[in-house]
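Data block below; observations after.
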Amino acid sequence: MKQVGMVLGSREAGALDFWVAVEEGQYLRLDDLVYVEFRHPDPRKGDASGNVRYYGMVDHVIKLYEGSQFDTDVFLARRDLLPVSLSYAAHVQVTRLLPEEYLPPDPGSPVYLAQEEALGLALYYDRMQEQKLPVGLLKNGEVAYINFEFLNGFKGGHVNISGVSGVAAKTSYATFLLHSIFQSPANQQKANSKALIFNVKGEDLFYLDKDNSGLNDEARETYRRLGLPAKAFQSVAFLAPPRKTPGDILADVARPDAPAYYWDLVQFCRDGLLPFLFTDRGAMSNLGFLIDQVTERLRRLVGDENDKDGQKGPHLVVDDWFDEQSAADASVTFSELGKLKITSFAQLVRYIEYKLLGPESAEDEEKQKGDPRWTARQARGTLEAFVRRLRAAIGNVEHLIRGDKAGKRPNPLGSQAQVSVVDIHQLSAQGQMFVVGSILREVFGRKERGDYQGRVFVVLDELNKYAPRDGESPIKDILLDIAERGRSLGVILIGAQQTASEVESRVVGNAAIRVVGRLDAAEAERPEYRYLPPSFRQRAMILPQGTMILHQPEIPVPLPLTFPLPAWAMKKDEVREDISAERLSKLID
């Protein structure tokens, strides 16, 4: 036990907070953990010794001269011309009482620095038992833990990370959390856990399986203290969108072992992926009804996968495109059965346009009427708005939705790899929306049907783009479903954004674990951060890179912590080259 001071008698001491007079030669800093023990007035209600013990965290420290009256007295005091005493005091926010007897501590009660067992009691580590997941290091160098049950869906789920881009290290911390989840003993179902990561910035996450050349001895020692191996991810699959160039379908990334992903036309129609091409469904009240109607008609067009009459793909065949002019303009060919064969997304758009607006060869607009089974009784203005949006999507997604090759859509739950990295950084905003929405719905749907029993951790940056506070879109609906029902199904969202104030409040509010890096001054004052005490919000504006503030339900105060340099490369320049004899022999062969 290391005594650092006493409960101050010149200021009020309450049951939830008190002040400490720091002894000469000792010191207390922000975030230090302390405890005070004093005699209960009724010893029978205290612990075995009749005492009550308060644990708390220092959230404010001050120094001042006692005996000085004017601001300039400090100069006299420094020259020993004015008798003063230096007061060093710290304010403590109570985190735990043992037993729970809400009494104010007695002034003059000794205050001790919480270390080892006392530190664990202050931060409820004793309640976590085997569910302690390491998430970083505290200011005093001790390991910071969270209760894994608040992350794996048992008591809570989801993580939300906020911070300024480039400084807050949101992506680095998200991958560090994944590393801890897959390597810590707290996760007793590692073999049945998978991660899906969307790569949204450059090719930074395409080297997770490579060791970091910048990892030094200090970082290795930090990993040792955390009980985690200082090594790269061992089981990773990388997928990238195809290039827009004609010819062979090649992935649009530098990594040669990353296959290209795409959907064929039959998969697009059968899976009902059309809504993910529309990001402004709420802009027109009737547009949503029309999207649903066309989606259902496309699903009926291709039929059931297990039905012998269902289309097998990758192209579509139709027998009700009677407008020779529009079919010829789209360069549609005939199948072996004499039906028209649709082999590209652009041709599919022309076919849908024909079904909604009627033949272009009609003599006047009054005779241009679409198929009533497709139009859903919508006004022509709504139909034309739908077609305009669909035409605008051709350039953004036609290389992702194809009819020339059998589809190779991402399948993170069916992959042999534990971690699947899906690249979307070179796609347009609409292309990114389509890919993220399509994959998330497939993952969530399979979990709902019970096709995969393990947990799935989804890492998605730029949440403000996919689940904005205002507006409606199919992908926002999917993310809301994951946020509200995902933890019960084992789908855990690790989301990140620069500004939580611009993200749908239910997505952020359902995150049991909230993490904050460096924040913009205006953003720090938003209501979304009121769970942080004022001193923490102020500090969030000056946090250095690698320092985070973490809040979890079981501990009443946030935890400032640091995390080590990633042991895996976060960009190509960080990759440590393998020059072992085994590696060189493989290259020679």
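Residues in the structure tokens are numbered from 1 in each chain, the chains being A, B, ... in the order shown, and ligands are numbered from 1 in the order shown.
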- Task: Please give the complete set of residues from range 254-486 of chain A that DSSP, run on the backbone, assigns to alpha helix (DSSP H), formatted as a PyMOL selection string.
- Result: chain A and resi 265-270+287-302+324-329+345-357+372-375+380-392+394-397+429-449+463-466+474-486
- Task: Identify, on the basis of only C-alpha atoms, every residue whose closest approach to Arg39 in chain A does not exceed 8 Å; exclude the query and any residue fewer than 5 positions from it along the same chain; express the result as a list in words.
- Result: Gly46, Gly50, Asn51 and Val52 of chain A
Once you have the residues from the selection above, write them out as a PDB file, in the first residue's frame, restricted to N, CA and C atoms.
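Everything below was put into part-v4.pdb:
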```pdb
ATOM      1  N   GLY A  46     -20.344  -2.710   7.906  1.00  0.00           N
ATOM      2  CA  GLY A  46     -19.126  -2.577   7.125  1.00  0.00           C
ATOM      3  C   GLY A  46     -18.636  -3.936   6.668  1.00  0.00           C
ATOM      4  N   GLY A  50     -15.286  -4.024   9.711  1.00  0.00           N
ATOM      5  CA  GLY A  50     -16.162  -2.910  10.075  1.00  0.00           C
ATOM      6  C   GLY A  50     -15.871  -1.636   9.306  1.00  0.00           C
ATOM      7  N   ASN A  51     -15.140  -1.758   8.196  1.00  0.00           N
ATOM      8  CA  ASN A  51     -14.754  -0.584   7.416  1.00  0.00           C
ATOM      9  C   ASN A  51     -15.537  -0.486   6.114  1.00  0.00           C
ATOM     10  N   VAL A  52     -15.480   0.682   5.507  1.00  0.00           N
ATOM     11  CA  VAL A  52     -16.009   0.923   4.166  1.00  0.00           C
ATOM     12  C   VAL A  52     -14.843   1.405   3.308  1.00  0.00           C
TER      13      VAL A  52
END
```
- Measure the distance from CA of Thr547 in chain A to CA of Ala144 in chain A in Å and round it to one decimal.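 Answer for the CA of Thr547 in chain A to CA of Ala144 in chain A separation: 12.6 Å.
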- Query: Which residue out of A:Leu301, A:Leu33, A:Leu413, A:Val508 has the minimum interatomic distance to Gly272 in chain A when only C-alpha atoms are used?
  - Reply: A:Leu301
- Figure out the distance between CA of Ala89 in chain A and CA of Val74 in chain A, please, to one decimal in Å. 18.3 Å
- Item | Best match for closeness to Asp461 in chain A among A:Asn396, A:Ser109, A:Thr171, A:Ser235, counting only C-alpha atoms |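 Closest residue, counting only C-alpha atoms: A:Thr171.
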